[in-house]
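Read through the structure below, which is laid out as structure tokens, and then see the notes.
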Amino acid sequence: MKRINSFFSVTLLAAVMFSSCQDREVFDSADHVQPSGEQVKLHLGLNIQSNFQSGLRAISATEEQAIKQIDVLVFKEESPGGVFVYSEHVEGTLSDSSAIIKTNYEANQQLVVITNARDEVRKLVDNTSKGVLKDKLLELLTFSLKLNDDKWNATGPAGTDNFTAFPMWGESAPTLITKNSGIIPVKSLLRMVARIDVVLDQSVTEFEIDSVFLYNTNIGGRIVPDTLELAKDKATLPLDADLIGTKGKDAYIKYIMSTTKGDSNAIYTFETAAPSTNSNEATCLIIAGRYKGTTCYYRVDFVDLNDPEKHADILRNHCYKVTITRVTAEGYDTRDKAFQGKSINIETDLQTWENAPENVVVDGQYYLLVDTVETLKFSKEASTNINITVKTDYPTENAPVWEVSSNKNWVTPSKNGETLSFTVKDYAGNNTDEEDFGNTIKGHTAEITVSAGRLKRKIIIKQADVAKITITFSDYAGTPYLADIILNTDGDGRVLSSESKEFKVAWTPSNAKLYLWQNPAEGLIYSAGILTDISYFGERQSSSAPSFTIHPGAQFQGDCGVKITGQVTNGFQTLEKSIVLKIKR
């Protein structure tokens, strides 16, 4: 039998903004297809969805989200869905980075970002004319295993370059590009592959895994999914999708497990669609191992969570964790018999994650969720009452329980129900374990460990000898705005003279640079004409507060506005803060 858990569906964004951020390389873009007319540089705000669930690793979490190349396809909103205009690319090796491209402005455009598929993009663009519809073009963008390769190159080891980075796709919303557009947010990058983990629960002692055979998987896939199918949790296949080998008994890939307890981060595969009836055409696993010393084989299927009698699609950017929880007897004596037969004498727990978060640890039976990123950074000033949510279903006699500890006395954690609180002491006098953080910055590192039974999750605390960052939006007198600025209009849609306001932007530390930009505000008509003076957009190297004046006389149609965003870094941390200027009719 199977126990099926529809576990977490969580998105953890590694927010990546512009090129002045800490620990990011800057790459000069080289036009592949040149745009025409006047141009403006844009910063792409790239968001990489969380790496797949942690575990035994053939490659590391860093490599699962590595970006070696970025290509940008630009579409102009001349027809429904947009038409192709040109492409650009950047060179280099990067992992959480950003790209700066040039594009025509005063045009409504959509940017499609493709990573780690330079040859495929180049080939497609070289054979494409301007004016092709977006959907028609992107459905032709595919990635396949190279000749004679039967599996994804994920051999690692971690820290080396001996792996194939995953092609990813993301795109911006259709955006009116202006000289002051600044950062263009790109919808989270999705990997085109799925990951399958096969592990043995610690309670199973009479069975050992030798290898896993993955049956009925495709040799390639579409880099960009059909968004309608994506929304329905359905696979998007290329027009010429082919299985490994031939359909049926020869269509498999063999994976040798790194331990007799199984493996994670070793099996990566393209999307596949479930057949309606024939189980011999469904994607499945044949587990080869030894039950009480006898070699035998077991079939494991991927089934629909809502109807276990149906097979399920294998979907991009999903992790499928198969935990063998019980083996009751020998399986089939040959692999072919196991494939042709049904699942017998084995019980498995199939857990499926979409965009599996780094903040969840599982062991096949229980989970521990620590709702924060792995590393937290603090300035030299003391910080108190930092709160993090912790949840687990690890059982005790009365209720699920977890524990917390710290390896350094300058970090003091405590627990209360589902809340982990901790304090970071002032850096002065507590820096006996000082280390070099780079860029002439000194600091020290501590670890907070949260545990529930055998489940453990570490939080890395880094504190540097740098001043705290602040950004303050205030009125002319220096009184901070605690909410968005709202201006009312008369019956003709003109801002009332009594509503004329000014605001300033101040920041610390005083020697840091401020970068300001404006974007459309969600739910409002975009209007760049709200401000009389926009000369302060861009980089500011002085800590003198720029002053902006709200335009009192312009006429506006409907509720409109802009979002003003500032970003400051102290070389160790980066702070971003926004305020919306809204004209309300």
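Labels used: A, B, ... for chains in the order of the structure tokens, numbers from 1 for residues in each chain, and numbers from 1 for ligands as shown.
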List every residue of range 192-230 of chain A that has an atom at most 10 Å from any atom of range 341-354 of chain A, giving for each one its closest atom pair and the distance in Å to one decimal, counting only C-alpha atoms, sorted by chain and then by ascending residue number, as CSV.
residue,atom,partner,partner_atom,distance
A:Ala194,CA,A:Glu354,CA,9.6
A:Arg195,CA,A:Trp353,CA,9.9
A:Ile196,CA,A:Thr352,CA,9.5
A:Asp197,CA,A:Gln351,CA,9.9
A:Val198,CA,A:Leu350,CA,9.6
A:Val199,CA,A:Thr348,CA,9.8
A:Leu200,CA,A:Thr348,CA,9.2
A:Asp201,CA,A:Thr348,CA,9.4
With a distance cut-off of 10 Å and only C-alpha atoms, select the neighbouring residues of Ala477 in chain A, excluding the residue or stretch itself and same-chain residues fewer than 2 positions from it, and output the selection as a PyMOL selection string.
-> chain A and resi 474-475+479-480+502-504
Please report, as a tab-separated table, each residue of range 303-409 of chain A lying at most 10 Å from range 424-445 of chain A, together with the nearest pair of atoms and the separation in Å rounded to one decimal; use only C-alpha atoms, and order rows by chain and ascending residue number.
residue	atom	partner	partner_atom	distance
A:Thr375	CA	A:Thr445	CA	10.0
A:Lys377	CA	A:Thr445	CA	9.5
A:Phe378	CA	A:Val424	CA	8.1
A:Ser379	CA	A:Tyr427	CA	8.2
A:Lys380	CA	A:Tyr427	CA	4.9
A:Glu381	CA	A:Asp426	CA	4.9
A:Ala382	CA	A:Asp426	CA	4.1
A:Ser383	CA	A:Val424	CA	5.1
A:Thr384	CA	A:Val424	CA	6.4
A:Asn385	CA	A:Val424	CA	9.0
A:Ile386	CA	A:Val424	CA	8.7
A:Asn407	CA	A:Thr445	CA	9.6
A:Lys408	CA	A:Thr445	CA	8.4
A:Asn409	CA	A:Asn430	CA	8.6
Dump N, CA, C and O atoms for the selected residues as a PDB file, in the first residue's frame?
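The result, written out as selection_9.pdb:
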ATOM      1  N   THR A 375      20.885  31.817   6.753  1.00  0.00           N
ATOM      2  CA  THR A 375      21.850  32.744   7.336  1.00  0.00           C
ATOM      3  C   THR A 375      21.188  34.094   7.599  1.00  0.00           C
ATOM      4  O   THR A 375      20.546  34.663   6.716  1.00  0.00           O
ATOM      5  N   LYS A 377      21.978  38.068   9.036  1.00  0.00           N
ATOM      6  CA  LYS A 377      23.085  39.005   9.212  1.00  0.00           C
ATOM      7  C   LYS A 377      22.669  40.159  10.122  1.00  0.00           C
ATOM      8  O   LYS A 377      21.557  40.685  10.001  1.00  0.00           O
ATOM      9  N   PHE A 378      23.595  40.579  11.010  1.00  0.00           N
ATOM     10  CA  PHE A 378      23.323  41.651  11.956  1.00  0.00           C
ATOM     11  C   PHE A 378      24.483  42.637  11.960  1.00  0.00           C
ATOM     12  O   PHE A 378      25.641  42.262  11.774  1.00  0.00           O
ATOM     13  N   SER A 379      24.153  43.908  12.201  1.00  0.00           N
ATOM     14  CA  SER A 379      25.174  44.938  12.355  1.00  0.00           C
ATOM     15  C   SER A 379      25.739  44.870  13.771  1.00  0.00           C
ATOM     16  O   SER A 379      25.348  44.032  14.584  1.00  0.00           O
ATOM     17  N   LYS A 380      26.645  45.787  14.099  1.00  0.00           N
ATOM     18  CA  LYS A 380      27.357  45.711  15.377  1.00  0.00           C
ATOM     19  C   LYS A 380      26.479  46.050  16.585  1.00  0.00           C
ATOM     20  O   LYS A 380      26.791  45.667  17.707  1.00  0.00           O
ATOM     21  N   GLU A 381      25.379  46.766  16.379  1.00  0.00           N
ATOM     22  CA  GLU A 381      24.503  47.118  17.492  1.00  0.00           C
ATOM     23  C   GLU A 381      23.751  45.880  18.000  1.00  0.00           C
ATOM     24  O   GLU A 381      23.472  44.950  17.252  1.00  0.00           O
ATOM     25  N   ALA A 382      23.400  45.886  19.269  1.00  0.00           N
ATOM     26  CA  ALA A 382      22.632  44.783  19.841  1.00  0.00           C
ATOM     27  C   ALA A 382      21.253  44.713  19.195  1.00  0.00           C
ATOM     28  O   ALA A 382      20.659  45.736  18.837  1.00  0.00           O
ATOM     29  N   SER A 383      20.738  43.501  19.049  1.00  0.00           N
ATOM     30  CA  SER A 383      19.408  43.280  18.489  1.00  0.00           C
ATOM     31  C   SER A 383      18.635  42.368  19.437  1.00  0.00           C
ATOM     32  O   SER A 383      19.165  41.347  19.898  1.00  0.00           O
ATOM     33  N   THR A 384      17.410  42.733  19.721  1.00  0.00           N
ATOM     34  CA  THR A 384      16.610  41.972  20.684  1.00  0.00           C
ATOM     35  C   THR A 384      15.294  41.536  20.068  1.00  0.00           C
ATOM     36  O   THR A 384      14.813  42.110  19.092  1.00  0.00           O
ATOM     37  N   ASN A 385      14.712  40.502  20.664  1.00  0.00           N
ATOM     38  CA  ASN A 385      13.368  40.029  20.313  1.00  0.00           C
ATOM     39  C   ASN A 385      13.218  39.706  18.832  1.00  0.00           C
ATOM     40  O   ASN A 385      12.254  40.105  18.189  1.00  0.00           O
ATOM     41  N   ILE A 386      14.183  38.984  18.290  1.00  0.00           N
ATOM     42  CA  ILE A 386      14.031  38.458  16.935  1.00  0.00           C
ATOM     43  C   ILE A 386      13.223  37.178  17.045  1.00  0.00           C
ATOM     44  O   ILE A 386      13.602  36.253  17.774  1.00  0.00           O
ATOM     45  N   ASN A 407      25.716  27.898  20.092  1.00  0.00           N
ATOM     46  CA  ASN A 407      27.094  27.525  20.397  1.00  0.00           C
ATOM     47  C   ASN A 407      27.954  28.711  20.834  1.00  0.00           C
ATOM     48  O   ASN A 407      29.143  28.546  21.093  1.00  0.00           O
ATOM     49  N   LYS A 408      27.372  29.928  20.916  1.00  0.00           N
ATOM     50  CA  LYS A 408      28.122  31.113  21.345  1.00  0.00           C
ATOM     51  C   LYS A 408      27.287  31.889  22.362  1.00  0.00           C
ATOM     52  O   LYS A 408      26.050  31.994  22.225  1.00  0.00           O
ATOM     53  N   ASN A 409      27.978  32.478  23.363  1.00  0.00           N
ATOM     54  CA  ASN A 409      27.240  33.160  24.425  1.00  0.00           C
ATOM     55  C   ASN A 409      26.750  34.539  24.023  1.00  0.00           C
ATOM     56  O   ASN A 409      26.020  35.183  24.780  1.00  0.00           O
TER      57      ASN A 409
END
Could you please write out, as number ranges by chain, every residue of range 216-428 of chain A that DSSP assigns to strand (DSSP E or B)?
-> A: 218, 220-222, 243, 252-256, 259, 262-270, 272, 284-291, 294-301, 303-304, 307-311, 314, 318-327, 332, 346-354, 360-362, 367-370, 375-378, 383-392, 403-406, 411-416, 419-424
Compile the contact shell of Arg118 in chain A as a PyMOL selection string: residues with an atom at most 7 Å away, counting only C-alpha atoms, same-chain residues fewer than 4 positions apart removed.
-> chain A and resi 69+71+122
Hey, can you check how far CA of Tyr476 in chain A sits from CA of Thr569 in chain A?
-> 24.7 Å
Compile the contact shell of range 558-567 of chain A as a PyMOL selection string: residues with an atom at most 9 Å away, counting only C-alpha atoms, same-chain residues fewer than 5 positions apart removed.
-> chain A and resi 471+493+505+513-530+574-585
May I have the selected residues written with N, CA and C atoms, as a JSON list (two decimals), in the first residue's frame?
[["chain", "number", "residue", "atom", "x", "y", "z"],
["A", 471, "ILE", "N", 16.77, 53.61, 6.25],
["A", 471, "ILE", "CA", 16.23, 54.46, 5.18],
["A", 471, "ILE", "C", 14.96, 55.08, 5.73],
["A", 493, "GLY", "N", -10.26, 65.93, -11.16],
["A", 493, "GLY", "CA", -9.11, 65.04, -11.11],
["A", 493, "GLY", "C", -7.79, 65.76, -10.91],
["A", 505, "VAL", "N", 14.28, 61.77, 1.61],
["A", 505, "VAL", "CA", 14.83, 60.44, 1.84],
["A", 505, "VAL", "C", 16.16, 60.61, 2.56],
["A", 513, "LYS", "N", 26.07, 54.43, -0.13],
["A", 513, "LYS", "CA", 25.40, 54.95, -1.31],
["A", 513, "LYS", "C", 23.92, 54.56, -1.28],
["A", 514, "LEU", "N", 23.07, 55.49, -1.67],
["A", 514, "LEU", "CA", 21.64, 55.23, -1.82],
["A", 514, "LEU", "C", 21.34, 55.08, -3.29],
["A", 515, "TYR", "N", 20.57, 54.06, -3.64],
["A", 515, "TYR", "CA", 20.08, 53.93, -5.01],
["A", 515, "TYR", "C", 18.57, 54.03, -4.98],
["A", 516, "LEU", "N", 18.01, 54.96, -5.78],
["A", 516, "LEU", "CA", 16.58, 55.21, -5.83],
["A", 516, "LEU", "C", 16.03, 54.88, -7.20],
["A", 517, "TRP", "N", 14.85, 54.27, -7.23],
["A", 517, "TRP", "CA", 14.18, 54.05, -8.50],
["A", 517, "TRP", "C", 12.68, 54.07, -8.27],
["A", 518, "GLN", "N", 11.93, 54.15, -9.36],
["A", 518, "GLN", "CA", 10.48, 54.11, -9.25],
["A", 518, "GLN", "C", 9.93, 53.03, -10.17],
["A", 519, "ASN", "N", 8.82, 52.43, -9.72],
["A", 519, "ASN", "CA", 8.13, 51.39, -10.47],
["A", 519, "ASN", "C", 6.63, 51.63, -10.36],
["A", 520, "PRO", "N", 5.85, 50.98, -11.23],
["A", 520, "PRO", "CA", 4.40, 51.03, -11.04],
["A", 520, "PRO", "C", 4.02, 50.46, -9.67],
["A", 521, "ALA", "N", 3.01, 51.05, -9.05],
["A", 521, "ALA", "CA", 2.50, 50.55, -7.77],
["A", 521, "ALA", "C", 1.37, 49.58, -8.05],
["A", 522, "GLU", "N", 1.36, 48.48, -7.35],
["A", 522, "GLU", "CA", 0.37, 47.44, -7.59],
["A", 522, "GLU", "C", -1.05, 47.98, -7.39],
["A", 523, "GLY", "N", -1.90, 47.73, -8.37],
["A", 523, "GLY", "CA", -3.29, 48.13, -8.28],
["A", 523, "GLY", "C", -3.57, 49.56, -8.68],
["A", 524, "LEU", "N", -2.52, 50.31, -9.09],
["A", 524, "LEU", "CA", -2.70, 51.71, -9.46],
["A", 524, "LEU", "C", -2.26, 51.94, -10.91],
["A", 525, "ILE", "N", -2.89, 52.91, -11.56],
["A", 525, "ILE", "CA", -2.45, 53.33, -12.88],
["A", 525, "ILE", "C", -1.09, 54.00, -12.73],
["A", 526, "TYR", "N", -0.13, 53.60, -13.55],
["A", 526, "TYR", "CA", 1.22, 54.15, -13.42],
["A", 526, "TYR", "C", 1.25, 55.59, -13.92],
["A", 527, "SER", "N", 1.83, 56.47, -13.13],
["A", 527, "SER", "CA", 1.99, 57.86, -13.55],
["A", 527, "SER", "C", 3.34, 58.38, -13.08],
["A", 528, "ALA", "N", 4.25, 58.60, -14.02],
["A", 528, "ALA", "CA", 5.57, 59.12, -13.70],
["A", 528, "ALA", "C", 5.53, 60.62, -13.47],
["A", 529, "GLY", "N", 4.39, 61.26, -13.73],
["A", 529, "GLY", "CA", 4.31, 62.71, -13.64],
["A", 529, "GLY", "C", 3.90, 63.23, -12.28],
["A", 530, "ILE", "N", 3.87, 62.37, -11.27],
["A", 530, "ILE", "CA", 3.46, 62.82, -9.94],
["A", 530, "ILE", "C", 4.49, 63.76, -9.34],
["A", 574, "THR", "N", 22.15, 44.50, 3.12],
["A", 574, "THR", "CA", 21.46, 45.37, 2.18],
["A", 574, "THR", "C", 20.04, 45.60, 2.68],
["A", 575, "LEU", "N", 19.61, 46.86, 2.71],
["A", 575, "LEU", "CA", 18.26, 47.20, 3.13],
["A", 575, "LEU", "C", 17.52, 47.86, 1.98],
["A", 576, "GLU", "N", 16.28, 47.46, 1.80],
["A", 576, "GLU", "CA", 15.43, 48.05, 0.77],
["A", 576, "GLU", "C", 14.12, 48.51, 1.40],
["A", 577, "LYS", "N", 13.68, 49.70, 1.04],
["A", 577, "LYS", "CA", 12.44, 50.24, 1.61],
["A", 577, "LYS", "C", 11.70, 51.02, 0.53],
["A", 578, "SER", "N", 10.37, 50.93, 0.57],
["A", 578, "SER", "CA", 9.55, 51.57, -0.47],
["A", 578, "SER", "C", 8.43, 52.39, 0.16],
["A", 579, "ILE", "N", 7.94, 53.34, -0.61],
["A", 579, "ILE", "CA", 6.76, 54.11, -0.24],
["A", 579, "ILE", "C", 5.96, 54.38, -1.50],
["A", 580, "VAL", "N", 4.63, 54.35, -1.40],
["A", 580, "VAL", "CA", 3.76, 54.58, -2.56],
["A", 580, "VAL", "C", 3.20, 55.99, -2.49],
["A", 581, "LEU", "N", 3.29, 56.73, -3.60],
["A", 581, "LEU", "CA", 2.67, 58.05, -3.73],
["A", 581, "LEU", "C", 1.41, 57.85, -4.57],
["A", 582, "LYS", "N", 0.27, 58.06, -3.94],
["A", 582, "LYS", "CA", -1.00, 57.72, -4.57],
["A", 582, "LYS", "C", -1.86, 58.96, -4.75],
["A", 583, "ILE", "N", -2.36, 59.14, -5.96],
["A", 583, "ILE", "CA", -3.35, 60.18, -6.26],
["A", 583, "ILE", "C", -4.72, 59.52, -6.26],
["A", 584, "LYS", "N", -5.60, 59.96, -5.37],
["A", 584, "LYS", "CA", -6.91, 59.32, -5.22],
["A", 584, "LYS", "C", -8.00, 60.23, -5.75],
["A", 585, "ARG", "N", -8.74, 59.74, -6.71],
["A", 585, "ARG", "CA", -9.84, 60.52, -7.27],
["A", 585, "ARG", "C", -11.11, 60.26, -6.54]]
Neighbours of Phe302 in chain A within 7 Å (only C-alpha atoms; same-chain residues fewer than 4 positions away dropped), as an NGL selection string?
-> :A and (284 or 311-312)
Can you write just those residues out, N, CA and C atoms, as a PDB file, in the first residue's frame?
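Output (selection25.pdb):
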ATOM      1  N   CYS A 284       7.778   5.489 -13.718  1.00  0.00           N
ATOM      2  CA  CYS A 284       7.786   4.727 -12.478  1.00  0.00           C
ATOM      3  C   CYS A 284       9.219   4.384 -12.088  1.00  0.00           C
ATOM      4  N   HIS A 311      -2.256   7.431 -12.465  1.00  0.00           N
ATOM      5  CA  HIS A 311      -0.875   7.887 -12.485  1.00  0.00           C
ATOM      6  C   HIS A 311      -0.839   9.411 -12.555  1.00  0.00           C
ATOM      7  N   ALA A 312       0.273   9.990 -12.131  1.00  0.00           N
ATOM      8  CA  ALA A 312       0.407  11.451 -12.093  1.00  0.00           C
ATOM      9  C   ALA A 312       1.479  11.917 -13.067  1.00  0.00           C
TER      10      ALA A 312
END
Would you mind listing what lies within 10 Å of range 125-133 of chain A as JSON, numbers by chain, with only C-alpha atoms counted and same-chain residues fewer than 2 positions away left out?
-> {"A": [32, 33, 73, 75, 76, 77, 78, 79, 80, 81, 82, 83, 84, 85, 86, 87, 119, 120, 121, 122, 123, 135, 136, 137, 138, 141]}
Rounded to one decimal place, report the CA of Lys456 in chain A-CA of Thr259 in chain A distance in Å.
->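 These two atoms are separated by 21.0 Å.
Using only C-alpha atoms, the shortest contact distance between Val322 in chain A and any of A:Leu455, A:Val212, A:Ile253, A:Leu239 is found at A:Val212.
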If you run DSSP over the backbone, which residues in range 135-380 of chain A end up helix (DSSP H, G or I)? Put them as a PyMOL selection string.
-> chain A and resi 135-138+227-231+279-281+335-340
Mind giving me the straight-line distance from CA of Asn216 in chain A to CA of Ala251 in chain A in Å, one decimal?
->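 Interatomic distance here is 5.2 Å.
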Considering only C-alpha atoms, state which residue in the set A:Val113, A:Ala66, A:Val300, A:Val404 is at the smallest distance from Glu418 in chain A.
->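 The answer is A:Val404, which sits nearest to Glu418 in chain A.
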